[in-house]
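One file, query03.cif, carrying mmCIF, N, CA and C atoms:
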```cif
data_work
loop_
_atom_site.label_atom_id
_atom_site.label_comp_id
_atom_site.auth_asym_id
_atom_site.auth_seq_id
_atom_site.Cartn_x
_atom_site.Cartn_y
_atom_site.Cartn_z
N TRP A 1 130.80 170.05 -52.03
CA TRP A 1 130.22 170.78 -53.14
C TRP A 1 129.36 169.84 -53.97
N GLN A 2 128.23 170.32 -54.44
CA GLN A 2 127.39 169.58 -55.36
C GLN A 2 127.31 170.33 -56.67
N LYS A 3 127.40 169.59 -57.77
CA LYS A 3 127.38 170.21 -59.08
C LYS A 3 125.94 170.53 -59.46
N ALA A 4 125.68 171.79 -59.79
CA ALA A 4 124.36 172.21 -60.21
C ALA A 4 124.25 172.31 -61.72
N TYR A 5 125.36 172.61 -62.38
CA TYR A 5 125.34 172.78 -63.84
C TYR A 5 126.74 172.56 -64.36
N SER A 6 126.84 171.92 -65.50
CA SER A 6 128.15 171.67 -66.11
C SER A 6 128.03 171.85 -67.62
N LEU A 7 129.01 172.48 -68.21
CA LEU A 7 129.06 172.67 -69.66
C LEU A 7 130.46 172.29 -70.12
N VAL A 8 130.54 171.33 -71.02
CA VAL A 8 131.82 170.84 -71.51
C VAL A 8 131.94 171.19 -72.99
N GLY A 9 133.14 171.60 -73.40
CA GLY A 9 133.40 171.90 -74.80
C GLY A 9 132.77 173.20 -75.27
N ASN A 10 132.65 174.16 -74.39
CA ASN A 10 132.04 175.44 -74.75
C ASN A 10 132.97 176.25 -75.64
N VAL A 11 132.45 176.69 -76.76
CA VAL A 11 133.20 177.59 -77.63
C VAL A 11 132.43 178.89 -77.88
N ALA A 12 131.31 179.03 -77.21
CA ALA A 12 130.49 180.23 -77.38
C ALA A 12 131.09 181.38 -76.58
N ASP A 13 130.81 182.59 -77.03
CA ASP A 13 131.26 183.76 -76.28
C ASP A 13 130.46 183.96 -75.02
N THR A 14 129.21 183.52 -75.05
CA THR A 14 128.32 183.71 -73.91
C THR A 14 127.71 182.37 -73.53
N THR A 15 127.71 182.07 -72.26
CA THR A 15 127.06 180.86 -71.74
C THR A 15 125.96 181.30 -70.80
N VAL A 16 124.76 180.85 -71.05
CA VAL A 16 123.63 181.16 -70.20
C VAL A 16 123.12 179.86 -69.61
N VAL A 17 123.09 179.79 -68.29
CA VAL A 17 122.58 178.61 -67.62
C VAL A 17 121.06 178.59 -67.80
N PRO A 18 120.47 177.45 -68.17
CA PRO A 18 119.02 177.39 -68.39
C PRO A 18 118.24 177.81 -67.14
N THR A 19 117.06 178.39 -67.35
CA THR A 19 116.24 178.84 -66.23
C THR A 19 115.69 177.67 -65.42
N THR A 20 115.80 176.45 -65.93
CA THR A 20 115.34 175.29 -65.17
C THR A 20 116.33 174.90 -64.09
N VAL A 21 117.54 175.46 -64.11
CA VAL A 21 118.53 175.17 -63.08
C VAL A 21 118.24 176.10 -61.91
N HIS A 22 117.81 175.50 -60.81
CA HIS A 22 117.46 176.27 -59.62
C HIS A 22 117.98 175.50 -58.41
N PHE A 23 118.66 176.16 -57.52
CA PHE A 23 119.22 175.47 -56.37
C PHE A 23 119.37 176.44 -55.21
N LYS A 24 119.44 175.88 -54.02
CA LYS A 24 119.67 176.67 -52.82
C LYS A 24 121.14 176.54 -52.47
N CYS A 25 121.76 177.65 -52.09
CA CYS A 25 123.17 177.58 -51.71
C CYS A 25 123.55 178.81 -50.91
N ARG A 26 124.67 178.70 -50.24
CA ARG A 26 125.26 179.85 -49.56
C ARG A 26 126.45 180.36 -50.35
N PHE A 27 127.11 179.47 -51.09
CA PHE A 27 128.28 179.84 -51.87
C PHE A 27 128.17 179.22 -53.26
N ILE A 28 128.77 179.88 -54.23
CA ILE A 28 128.84 179.37 -55.59
C ILE A 28 130.31 179.28 -55.97
N ARG A 29 130.69 178.14 -56.53
CA ARG A 29 132.07 177.97 -56.98
C ARG A 29 132.06 177.73 -58.49
N LEU A 30 132.86 178.48 -59.20
CA LEU A 30 133.03 178.29 -60.64
C LEU A 30 134.37 177.64 -60.88
N THR A 31 134.38 176.63 -61.71
CA THR A 31 135.62 175.95 -62.07
C THR A 31 135.79 176.06 -63.57
N LEU A 32 136.90 176.61 -64.00
CA LEU A 32 137.19 176.77 -65.42
C LEU A 32 138.31 175.82 -65.80
N HIS A 33 138.13 175.11 -66.91
CA HIS A 33 139.12 174.17 -67.41
C HIS A 33 139.36 174.42 -68.89
N GLU A 34 140.51 174.05 -69.37
CA GLU A 34 140.84 174.00 -70.78
C GLU A 34 140.45 175.25 -71.57
N PRO A 35 141.35 176.18 -71.68
CA PRO A 35 141.06 177.39 -72.45
C PRO A 35 140.85 177.06 -73.93
N ARG A 36 140.13 177.92 -74.62
CA ARG A 36 139.88 177.71 -76.05
C ARG A 36 141.16 177.76 -76.87
N THR A 37 142.06 178.60 -76.48
CA THR A 37 143.30 178.76 -77.24
C THR A 37 144.46 178.97 -76.28
N LYS A 38 145.64 178.64 -76.72
CA LYS A 38 146.83 178.88 -75.91
C LYS A 38 147.63 180.04 -76.49
N GLU A 39 147.08 180.76 -77.44
CA GLU A 39 147.81 181.81 -78.13
C GLU A 39 147.54 183.18 -77.53
N PHE A 40 148.01 183.37 -76.32
CA PHE A 40 147.89 184.67 -75.68
C PHE A 40 149.29 185.22 -75.45
N TRP A 41 149.47 186.46 -75.86
CA TRP A 41 150.77 187.11 -75.70
C TRP A 41 151.02 187.42 -74.24
N HIS A 42 152.26 187.29 -73.83
CA HIS A 42 152.65 187.72 -72.50
C HIS A 42 152.58 189.25 -72.48
N PRO A 43 152.00 189.86 -71.48
CA PRO A 43 151.83 191.32 -71.51
C PRO A 43 153.15 192.10 -71.51
N ASP A 44 154.22 191.54 -70.97
CA ASP A 44 155.50 192.24 -70.95
C ASP A 44 156.36 191.94 -72.17
N ASN A 45 156.04 190.86 -72.88
CA ASN A 45 156.83 190.46 -74.05
C ASN A 45 155.90 190.21 -75.23
N TYR A 46 155.24 191.24 -75.66
CA TYR A 46 154.27 191.11 -76.73
C TYR A 46 154.94 190.63 -78.01
N GLU A 47 154.33 189.74 -78.72
CA GLU A 47 154.77 189.15 -79.98
C GLU A 47 155.91 188.14 -79.83
N ASP A 48 156.25 187.75 -78.61
CA ASP A 48 157.26 186.72 -78.41
C ASP A 48 156.54 185.38 -78.29
N THR A 49 156.56 184.59 -79.38
CA THR A 49 155.80 183.35 -79.41
C THR A 49 156.34 182.31 -78.44
N GLU A 50 157.57 182.46 -77.98
CA GLU A 50 158.13 181.52 -77.00
C GLU A 50 157.42 181.66 -75.65
N LEU A 51 156.83 182.79 -75.41
CA LEU A 51 156.18 183.04 -74.12
C LEU A 51 154.66 182.99 -74.19
N TRP A 52 154.14 182.43 -75.29
CA TRP A 52 152.68 182.24 -75.35
C TRP A 52 152.25 181.39 -74.17
N ASN A 53 151.09 181.71 -73.65
CA ASN A 53 150.63 180.99 -72.47
C ASN A 53 149.12 180.80 -72.54
N THR A 54 148.62 179.98 -71.66
CA THR A 54 147.17 179.77 -71.59
C THR A 54 146.56 180.80 -70.66
N MET A 55 145.28 181.06 -70.88
CA MET A 55 144.59 182.01 -70.03
C MET A 55 143.13 181.60 -69.92
N LEU A 56 142.66 181.54 -68.72
CA LEU A 56 141.24 181.32 -68.45
C LEU A 56 140.69 182.62 -67.90
N SER A 57 139.57 183.04 -68.45
CA SER A 57 139.02 184.31 -67.97
C SER A 57 137.51 184.21 -67.86
N LEU A 58 136.99 185.00 -66.98
CA LEU A 58 135.56 185.11 -66.78
C LEU A 58 135.23 186.58 -66.89
N LYS A 59 134.50 186.93 -67.93
CA LYS A 59 134.21 188.35 -68.17
C LYS A 59 133.11 188.87 -67.27
N ASP A 60 132.06 188.08 -67.11
CA ASP A 60 130.92 188.54 -66.35
C ASP A 60 130.24 187.34 -65.70
N PHE A 61 129.80 187.50 -64.48
CA PHE A 61 129.10 186.43 -63.78
C PHE A 61 127.95 187.06 -63.00
N LYS A 62 126.77 186.52 -63.19
CA LYS A 62 125.60 187.05 -62.49
C LYS A 62 124.89 185.90 -61.79
N ALA A 63 124.57 186.09 -60.53
CA ALA A 63 123.77 185.12 -59.78
C ALA A 63 122.56 185.87 -59.25
N TYR A 64 121.40 185.34 -59.51
CA TYR A 64 120.17 186.00 -59.10
C TYR A 64 119.58 185.29 -57.90
N GLU A 65 119.15 186.07 -56.93
CA GLU A 65 118.53 185.52 -55.74
C GLU A 65 117.02 185.45 -55.94
N HIS A 66 116.47 184.30 -55.58
CA HIS A 66 115.00 184.18 -55.61
C HIS A 66 114.49 184.85 -54.35
N THR A 67 113.82 185.96 -54.50
CA THR A 67 113.40 186.74 -53.35
C THR A 67 112.06 186.31 -52.78
N GLY A 68 111.47 185.29 -53.38
CA GLY A 68 110.21 184.78 -52.84
C GLY A 68 109.03 185.34 -53.60
N GLY A 69 107.92 184.68 -53.42
CA GLY A 69 106.69 185.08 -54.10
C GLY A 69 105.80 185.84 -53.16
N GLY A 70 104.52 185.73 -53.38
CA GLY A 70 103.60 186.46 -52.54
C GLY A 70 102.26 185.77 -52.43
N GLY A 71 101.52 186.18 -51.41
CA GLY A 71 100.20 185.61 -51.18
C GLY A 71 99.23 186.03 -52.27
N VAL A 72 98.36 185.10 -52.64
CA VAL A 72 97.37 185.38 -53.68
C VAL A 72 96.01 185.58 -53.05
N LEU A 73 95.61 184.66 -52.19
CA LEU A 73 94.35 184.78 -51.47
C LEU A 73 94.44 183.99 -50.19
N GLY A 74 93.56 184.27 -49.22
CA GLY A 74 93.63 183.52 -47.98
C GLY A 74 92.58 183.94 -46.96
N PHE A 75 92.72 183.35 -45.80
CA PHE A 75 91.86 183.65 -44.65
C PHE A 75 92.71 184.34 -43.60
N GLN A 76 92.08 185.30 -42.89
CA GLN A 76 92.82 186.03 -41.87
C GLN A 76 91.89 186.40 -40.74
N SER A 77 92.41 186.33 -39.49
CA SER A 77 91.61 186.76 -38.35
C SER A 77 91.47 188.28 -38.39
N VAL A 78 90.55 188.81 -37.62
CA VAL A 78 90.29 190.25 -37.63
C VAL A 78 91.54 191.05 -37.24
N ASP A 79 92.31 190.54 -36.27
CA ASP A 79 93.50 191.26 -35.85
C ASP A 79 94.72 190.95 -36.72
N GLY A 80 94.59 190.01 -37.67
CA GLY A 80 95.67 189.69 -38.58
C GLY A 80 96.73 188.78 -38.01
N MET A 81 96.55 188.30 -36.78
CA MET A 81 97.56 187.47 -36.14
C MET A 81 97.51 186.01 -36.60
N GLN A 82 96.36 185.57 -37.10
CA GLN A 82 96.23 184.22 -37.64
C GLN A 82 95.82 184.34 -39.10
N TYR A 83 96.50 183.59 -39.95
CA TYR A 83 96.17 183.63 -41.36
C TYR A 83 96.56 182.32 -42.03
N THR A 84 95.90 182.04 -43.10
CA THR A 84 96.24 180.94 -43.99
C THR A 84 96.11 181.49 -45.40
N THR A 85 97.18 181.40 -46.18
CA THR A 85 97.22 182.04 -47.48
C THR A 85 97.76 181.09 -48.53
N VAL A 86 97.21 181.18 -49.73
CA VAL A 86 97.77 180.49 -50.88
C VAL A 86 98.78 181.46 -51.50
N ALA A 87 100.01 180.99 -51.66
CA ALA A 87 101.06 181.84 -52.21
C ALA A 87 101.67 181.17 -53.44
N TYR A 88 102.18 181.98 -54.34
CA TYR A 88 102.82 181.48 -55.56
C TYR A 88 104.29 181.87 -55.55
N GLY A 89 105.17 180.89 -55.72
CA GLY A 89 106.60 181.17 -55.81
C GLY A 89 107.25 181.56 -54.50
N LEU A 90 106.65 181.20 -53.38
CA LEU A 90 107.19 181.62 -52.08
C LEU A 90 108.48 180.88 -51.72
N ARG A 91 108.47 179.55 -51.80
CA ARG A 91 109.67 178.77 -51.50
C ARG A 91 110.48 178.48 -52.76
N GLN A 92 109.78 178.07 -53.81
CA GLN A 92 110.40 177.72 -55.07
C GLN A 92 109.67 178.46 -56.18
N PRO A 93 110.38 178.91 -57.20
CA PRO A 93 109.70 179.56 -58.32
C PRO A 93 108.71 178.60 -58.97
N ALA A 94 107.58 179.13 -59.42
CA ALA A 94 106.56 178.40 -60.16
C ALA A 94 105.89 177.29 -59.37
N GLU A 95 105.89 177.37 -58.04
CA GLU A 95 105.19 176.38 -57.23
C GLU A 95 104.21 177.07 -56.29
N TRP A 96 103.07 176.42 -56.10
CA TRP A 96 102.05 176.90 -55.18
C TRP A 96 102.31 176.33 -53.79
N ILE A 97 101.92 177.09 -52.75
CA ILE A 97 102.11 176.66 -51.38
C ILE A 97 100.99 177.24 -50.52
N ILE A 98 100.59 176.50 -49.49
CA ILE A 98 99.69 177.05 -48.47
C ILE A 98 100.60 177.45 -47.32
N THR A 99 100.49 178.69 -46.86
CA THR A 99 101.35 179.18 -45.79
C THR A 99 100.50 179.80 -44.69
N SER A 100 101.05 179.82 -43.48
CA SER A 100 100.33 180.37 -42.34
C SER A 100 101.31 180.96 -41.34
N GLU A 101 100.78 181.64 -40.34
CA GLU A 101 101.63 182.24 -39.31
C GLU A 101 102.42 181.15 -38.60
N GLU A 102 103.67 181.42 -38.37
CA GLU A 102 104.60 180.50 -37.70
C GLU A 102 104.60 179.11 -38.34
N ASP A 103 104.23 179.02 -39.61
CA ASP A 103 104.21 177.76 -40.37
C ASP A 103 103.35 176.68 -39.74
N ILE A 104 102.28 177.07 -39.03
CA ILE A 104 101.39 176.10 -38.39
C ILE A 104 100.74 175.20 -39.44
N ALA A 105 100.28 175.78 -40.53
CA ALA A 105 99.60 175.01 -41.56
C ALA A 105 100.34 175.03 -42.89
N THR A 106 101.60 175.45 -42.89
CA THR A 106 102.35 175.57 -44.13
C THR A 106 102.60 174.19 -44.74
N GLN A 107 102.26 174.07 -46.00
CA GLN A 107 102.50 172.81 -46.72
C GLN A 107 102.62 173.09 -48.20
N ASP A 108 103.48 172.30 -48.84
CA ASP A 108 103.64 172.41 -50.28
C ASP A 108 102.43 171.79 -50.97
N ILE A 109 102.07 172.33 -52.10
CA ILE A 109 100.98 171.79 -52.91
C ILE A 109 101.62 171.15 -54.13
N HIS A 110 101.49 169.86 -54.25
CA HIS A 110 102.08 169.12 -55.37
C HIS A 110 103.56 169.50 -55.53
N PRO A 111 104.40 169.25 -54.51
CA PRO A 111 105.82 169.64 -54.62
C PRO A 111 106.49 168.95 -55.80
N GLY A 112 107.38 169.71 -56.44
CA GLY A 112 108.14 169.16 -57.56
C GLY A 112 107.44 169.26 -58.90
N ILE A 113 106.18 169.72 -58.90
CA ILE A 113 105.46 169.89 -60.16
C ILE A 113 105.36 171.39 -60.42
N PRO A 114 106.25 171.94 -61.24
CA PRO A 114 106.19 173.38 -61.50
C PRO A 114 105.04 173.73 -62.46
N TYR A 115 104.41 174.82 -62.21
CA TYR A 115 103.35 175.33 -63.08
C TYR A 115 103.85 176.63 -63.70
N ASN A 116 103.69 176.77 -64.98
CA ASN A 116 104.08 178.00 -65.64
C ASN A 116 102.86 178.92 -65.68
N ASP A 117 102.50 179.45 -64.51
CA ASP A 117 101.29 180.25 -64.38
C ASP A 117 101.53 181.75 -64.53
N VAL A 118 102.76 182.17 -64.65
CA VAL A 118 103.04 183.60 -64.77
C VAL A 118 102.42 184.11 -66.08
N GLY A 119 101.60 185.15 -65.98
CA GLY A 119 100.96 185.73 -67.15
C GLY A 119 99.73 184.98 -67.62
N GLN A 120 99.35 183.91 -66.92
CA GLN A 120 98.19 183.10 -67.31
C GLN A 120 97.02 183.40 -66.37
N ILE A 121 95.82 183.23 -66.88
CA ILE A 121 94.63 183.32 -66.03
C ILE A 121 94.45 181.96 -65.36
N VAL A 122 94.44 181.96 -64.03
CA VAL A 122 94.34 180.72 -63.27
C VAL A 122 93.22 180.88 -62.25
N HIS A 123 92.33 179.89 -62.19
CA HIS A 123 91.26 179.87 -61.21
C HIS A 123 91.73 179.05 -60.02
N ILE A 124 91.82 179.68 -58.84
CA ILE A 124 92.24 178.95 -57.66
C ILE A 124 91.21 179.11 -56.55
N ALA A 125 91.11 178.09 -55.73
CA ALA A 125 90.19 178.11 -54.59
C ALA A 125 90.85 177.36 -53.43
N LEU A 126 90.57 177.82 -52.23
CA LEU A 126 91.07 177.18 -51.02
C LEU A 126 89.90 176.99 -50.08
N THR A 127 89.69 175.77 -49.63
CA THR A 127 88.65 175.52 -48.63
C THR A 127 89.34 175.12 -47.33
N LYS A 128 88.69 175.48 -46.24
CA LYS A 128 89.27 175.26 -44.92
C LYS A 128 88.19 174.68 -44.02
N GLN A 129 88.50 173.61 -43.30
CA GLN A 129 87.52 172.97 -42.43
C GLN A 129 88.21 172.57 -41.13
N ARG A 130 87.62 172.93 -40.01
CA ARG A 130 88.16 172.51 -38.71
C ARG A 130 87.79 171.05 -38.50
N VAL A 131 88.77 170.22 -38.24
CA VAL A 131 88.52 168.79 -38.05
C VAL A 131 88.90 168.33 -36.65
N GLY A 132 89.26 169.23 -35.78
CA GLY A 132 89.60 168.87 -34.40
C GLY A 132 90.42 169.95 -33.76
N GLY A 133 90.92 169.63 -32.55
CA GLY A 133 91.76 170.56 -31.83
C GLY A 133 91.16 170.97 -30.51
N THR A 134 91.86 171.90 -29.86
CA THR A 134 91.43 172.43 -28.57
C THR A 134 91.30 173.94 -28.68
N SER A 135 91.11 174.59 -27.55
CA SER A 135 90.98 176.05 -27.57
C SER A 135 92.31 176.72 -27.91
N THR A 136 93.42 176.04 -27.68
CA THR A 136 94.74 176.62 -27.97
C THR A 136 95.40 176.02 -29.21
N GLN A 137 94.84 174.97 -29.75
CA GLN A 137 95.43 174.32 -30.91
C GLN A 137 94.33 174.00 -31.91
N ARG A 138 94.55 174.33 -33.15
CA ARG A 138 93.57 174.04 -34.18
C ARG A 138 94.07 172.95 -35.11
N VAL A 139 93.18 172.07 -35.49
CA VAL A 139 93.49 171.04 -36.47
C VAL A 139 92.55 171.28 -37.64
N MET A 140 93.15 171.65 -38.77
CA MET A 140 92.37 172.06 -39.93
C MET A 140 92.68 171.16 -41.12
N GLN A 141 91.71 171.06 -42.00
CA GLN A 141 91.92 170.37 -43.27
C GLN A 141 91.76 171.40 -44.38
N TYR A 142 92.77 171.48 -45.25
CA TYR A 142 92.76 172.43 -46.35
C TYR A 142 92.67 171.68 -47.67
N SER A 143 91.91 172.22 -48.59
CA SER A 143 91.84 171.69 -49.94
C SER A 143 92.13 172.82 -50.90
N PHE A 144 93.06 172.59 -51.81
CA PHE A 144 93.47 173.59 -52.78
C PHE A 144 93.03 173.13 -54.16
N TYR A 145 92.41 174.02 -54.91
CA TYR A 145 91.96 173.71 -56.25
C TYR A 145 92.60 174.71 -57.22
N ARG A 146 93.17 174.19 -58.29
CA ARG A 146 93.76 175.02 -59.35
C ARG A 146 93.09 174.62 -60.65
N ASN A 147 92.42 175.55 -61.28
CA ASN A 147 91.66 175.29 -62.51
C ASN A 147 90.70 174.12 -62.35
N GLY A 148 90.07 174.04 -61.17
CA GLY A 148 89.05 173.03 -60.91
C GLY A 148 89.56 171.68 -60.48
N LEU A 149 90.88 171.51 -60.38
CA LEU A 149 91.45 170.22 -60.00
C LEU A 149 92.14 170.33 -58.65
N THR A 150 92.07 169.25 -57.84
CA THR A 150 92.75 169.27 -56.54
C THR A 150 94.19 168.90 -56.71
#
```
Same coordinates, now as structure tokens:
Amino acid sequence: WQKAYSLVGNVADTTVVPTTVHFKCRFIRLTLHEPRTKEFWHPDNYEDTELWNTMLSLKDFKAYEHTGGGGVLGFQSVDGMQYTTVAYGLRQPAEWIITSEEDIATQDIHPGIPYNDVGQIVHIALTKQRVGGTSTQRVMQYSFYRNGLT
């Protein structure tokens, strides 16, 4: 197990994990320690202070799946079988990527640098140049520009 988020000494009624916490996983494990109070009545012996006990509880837990982004612009063959597309949020939220059929030309653009482009006007351009290859294999060079910068 790897720790994605930890909160110590929480006394709030609601804990919200920051939106900057993003991780890939198949399973999520929650570990609760140290209840806020030990003054909980035993359900069968209400008001008997000798039977006060500790209780850890989780009222609500929500995990959201990143369902992926979508293509913004790109190149496509007439039959649609070959394509190269600039996509936003496809692998990771707030990241740009160049993607293609069967991941032939798929590559991250400035990985690890998130852009908060949602709701913003962004000028993007993609240039494509054949730099080699054969009749069955293409070797292309792609240049991605965001707001005039590569």
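The interatomic distance for the pair atom C of Arg91 of chain A and atom C of Gly70 of chain A works out to 11.0 Å.
In this model, the gap between atom C of Lys3 of chain A and atom N of Phe27 of chain A comes to 12.3 Å.
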Residue neighbourhood Asp103 of chain A, 12 Å, only C-alpha atoms, exclusion window fewer than 3 positions, as a list of chain:residue names
A:Gln82, A:Tyr83, A:Thr84, A:Thr85, A:Ile97, A:Ile98, A:Thr99, A:Ser100, A:Thr106, A:Gln107, A:Asp108
Check which residues satisfy the PyMOL selection byres ((chain A and resi 124) around 6) in the file shown, then give them as a ChimeraX atom specification.
/A:122-123,125-126,145-147
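Straight-line separation from atom CA of Trp96 of chain A to atom CA of Tyr115 of chain A: 8.2 Å.
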Hey, what's within 5 Å of Gln141 of chain A if we count only N, CA and C atoms and toss same-chain stuff fewer than 6 positions away? As a PyMOL selection string, please?
chain A and resi 128-131
Dump as a short mmCIF file (atom, residue, chain, number, x, y, z; two decimals), in the frame of the given file, selection limited to N, CA and C atoms:
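See result38.cif below for the written result:
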```
data_model
loop_
_atom_site.label_atom_id
_atom_site.label_comp_id
_atom_site.auth_asym_id
_atom_site.auth_seq_id
_atom_site.Cartn_x
_atom_site.Cartn_y
_atom_site.Cartn_z
N LYS A 128 88.69 175.48 -46.24
CA LYS A 128 89.27 175.26 -44.92
C LYS A 128 88.19 174.68 -44.02
N GLN A 129 88.50 173.61 -43.30
CA GLN A 129 87.52 172.97 -42.43
C GLN A 129 88.21 172.57 -41.13
N ARG A 130 87.62 172.93 -40.01
CA ARG A 130 88.16 172.51 -38.71
C ARG A 130 87.79 171.05 -38.50
N VAL A 131 88.77 170.22 -38.24
CA VAL A 131 88.52 168.79 -38.05
C VAL A 131 88.90 168.33 -36.65
#
```
Taking only chain A into account, list the residues labelled strand (DSSP E or B) by DSSP (computed from the backbone), as a ChimeraX atom specification.
/A:40,42,45,53,70-76,83-88,96-100,107-108,124-133,138-146,149
Atoms kept (N, CA and C atoms) for selection, written as a short mmCIF file (atom, residue, chain, number, x, y, z; two decimals), in the frame of the given file:
```cif
data_model
loop_
_atom_site.label_atom_id
_atom_site.label_comp_id
_atom_site.auth_asym_id
_atom_site.auth_seq_id
_atom_site.Cartn_x
_atom_site.Cartn_y
_atom_site.Cartn_z
N PHE A 40 148.01 183.37 -76.32
CA PHE A 40 147.89 184.67 -75.68
C PHE A 40 149.29 185.22 -75.45
N HIS A 42 152.26 187.29 -73.83
CA HIS A 42 152.65 187.72 -72.50
C HIS A 42 152.58 189.25 -72.48
N ASN A 45 156.04 190.86 -72.88
CA ASN A 45 156.83 190.46 -74.05
C ASN A 45 155.90 190.21 -75.23
N ASN A 53 151.09 181.71 -73.65
CA ASN A 53 150.63 180.99 -72.47
C ASN A 53 149.12 180.80 -72.54
N GLY A 70 104.52 185.73 -53.38
CA GLY A 70 103.60 186.46 -52.54
C GLY A 70 102.26 185.77 -52.43
N GLY A 71 101.52 186.18 -51.41
CA GLY A 71 100.20 185.61 -51.18
C GLY A 71 99.23 186.03 -52.27
N VAL A 72 98.36 185.10 -52.64
CA VAL A 72 97.37 185.38 -53.68
C VAL A 72 96.01 185.58 -53.05
N LEU A 73 95.61 184.66 -52.19
CA LEU A 73 94.35 184.78 -51.47
C LEU A 73 94.44 183.99 -50.19
N GLY A 74 93.56 184.27 -49.22
CA GLY A 74 93.63 183.52 -47.98
C GLY A 74 92.58 183.94 -46.96
N PHE A 75 92.72 183.35 -45.80
CA PHE A 75 91.86 183.65 -44.65
C PHE A 75 92.71 184.34 -43.60
N GLN A 76 92.08 185.30 -42.89
CA GLN A 76 92.82 186.03 -41.87
C GLN A 76 91.89 186.40 -40.74
N TYR A 83 96.50 183.59 -39.95
CA TYR A 83 96.17 183.63 -41.36
C TYR A 83 96.56 182.32 -42.03
N THR A 84 95.90 182.04 -43.10
CA THR A 84 96.24 180.94 -43.99
C THR A 84 96.11 181.49 -45.40
N THR A 85 97.18 181.40 -46.18
CA THR A 85 97.22 182.04 -47.48
C THR A 85 97.76 181.09 -48.53
N VAL A 86 97.21 181.18 -49.73
CA VAL A 86 97.77 180.49 -50.88
C VAL A 86 98.78 181.46 -51.50
N ALA A 87 100.01 180.99 -51.66
CA ALA A 87 101.06 181.84 -52.21
C ALA A 87 101.67 181.17 -53.44
N TYR A 88 102.18 181.98 -54.34
CA TYR A 88 102.82 181.48 -55.56
C TYR A 88 104.29 181.87 -55.55
N TRP A 96 103.07 176.42 -56.10
CA TRP A 96 102.05 176.90 -55.18
C TRP A 96 102.31 176.33 -53.79
N ILE A 97 101.92 177.09 -52.75
CA ILE A 97 102.11 176.66 -51.38
C ILE A 97 100.99 177.24 -50.52
N ILE A 98 100.59 176.50 -49.49
CA ILE A 98 99.69 177.05 -48.47
C ILE A 98 100.60 177.45 -47.32
N THR A 99 100.49 178.69 -46.86
CA THR A 99 101.35 179.18 -45.79
C THR A 99 100.50 179.80 -44.69
N SER A 100 101.05 179.82 -43.48
CA SER A 100 100.33 180.37 -42.34
C SER A 100 101.31 180.96 -41.34
N GLN A 107 102.26 174.07 -46.00
CA GLN A 107 102.50 172.81 -46.72
C GLN A 107 102.62 173.09 -48.20
N ASP A 108 103.48 172.30 -48.84
CA ASP A 108 103.64 172.41 -50.28
C ASP A 108 102.43 171.79 -50.97
N ILE A 124 91.82 179.68 -58.84
CA ILE A 124 92.24 178.95 -57.66
C ILE A 124 91.21 179.11 -56.55
N ALA A 125 91.11 178.09 -55.73
CA ALA A 125 90.19 178.11 -54.59
C ALA A 125 90.85 177.36 -53.43
N LEU A 126 90.57 177.82 -52.23
CA LEU A 126 91.07 177.18 -51.02
C LEU A 126 89.90 176.99 -50.08
N THR A 127 89.69 175.77 -49.63
CA THR A 127 88.65 175.52 -48.63
C THR A 127 89.34 175.12 -47.33
N LYS A 128 88.69 175.48 -46.24
CA LYS A 128 89.27 175.26 -44.92
C LYS A 128 88.19 174.68 -44.02
N GLN A 129 88.50 173.61 -43.30
CA GLN A 129 87.52 172.97 -42.43
C GLN A 129 88.21 172.57 -41.13
N ARG A 130 87.62 172.93 -40.01
CA ARG A 130 88.16 172.51 -38.71
C ARG A 130 87.79 171.05 -38.50
N VAL A 131 88.77 170.22 -38.24
CA VAL A 131 88.52 168.79 -38.05
C VAL A 131 88.90 168.33 -36.65
N GLY A 132 89.26 169.23 -35.78
CA GLY A 132 89.60 168.87 -34.40
C GLY A 132 90.42 169.95 -33.76
N GLY A 133 90.92 169.63 -32.55
CA GLY A 133 91.76 170.56 -31.83
C GLY A 133 91.16 170.97 -30.51
N ARG A 138 94.55 174.33 -33.15
CA ARG A 138 93.57 174.04 -34.18
C ARG A 138 94.07 172.95 -35.11
N VAL A 139 93.18 172.07 -35.49
CA VAL A 139 93.49 171.04 -36.47
C VAL A 139 92.55 171.28 -37.64
N MET A 140 93.15 171.65 -38.77
CA MET A 140 92.37 172.06 -39.93
C MET A 140 92.68 171.16 -41.12
N GLN A 141 91.71 171.06 -42.00
CA GLN A 141 91.92 170.37 -43.27
C GLN A 141 91.76 171.40 -44.38
N TYR A 142 92.77 171.48 -45.25
CA TYR A 142 92.76 172.43 -46.35
C TYR A 142 92.67 171.68 -47.67
N SER A 143 91.91 172.22 -48.59
CA SER A 143 91.84 171.69 -49.94
C SER A 143 92.13 172.82 -50.90
N PHE A 144 93.06 172.59 -51.81
CA PHE A 144 93.47 173.59 -52.78
C PHE A 144 93.03 173.13 -54.16
N TYR A 145 92.41 174.02 -54.91
CA TYR A 145 91.96 173.71 -56.25
C TYR A 145 92.60 174.71 -57.22
N ARG A 146 93.17 174.19 -58.29
CA ARG A 146 93.76 175.02 -59.35
C ARG A 146 93.09 174.62 -60.65
N LEU A 149 90.88 171.51 -60.38
CA LEU A 149 91.45 170.22 -60.00
C LEU A 149 92.14 170.33 -58.65
#
```
I need the output of the PyMOL selection byres ((chain A and resi 89) around 8) for this file as an MDAnalysis selection string; which residues are they?
chainID A and resid 66:71 86:88 90:97
Per DSSP on the backbone, filter chain A down to the residues in helix (DSSP H, G or I) and report them as a ChimeraX atom specification.
/A:49-51,101-103
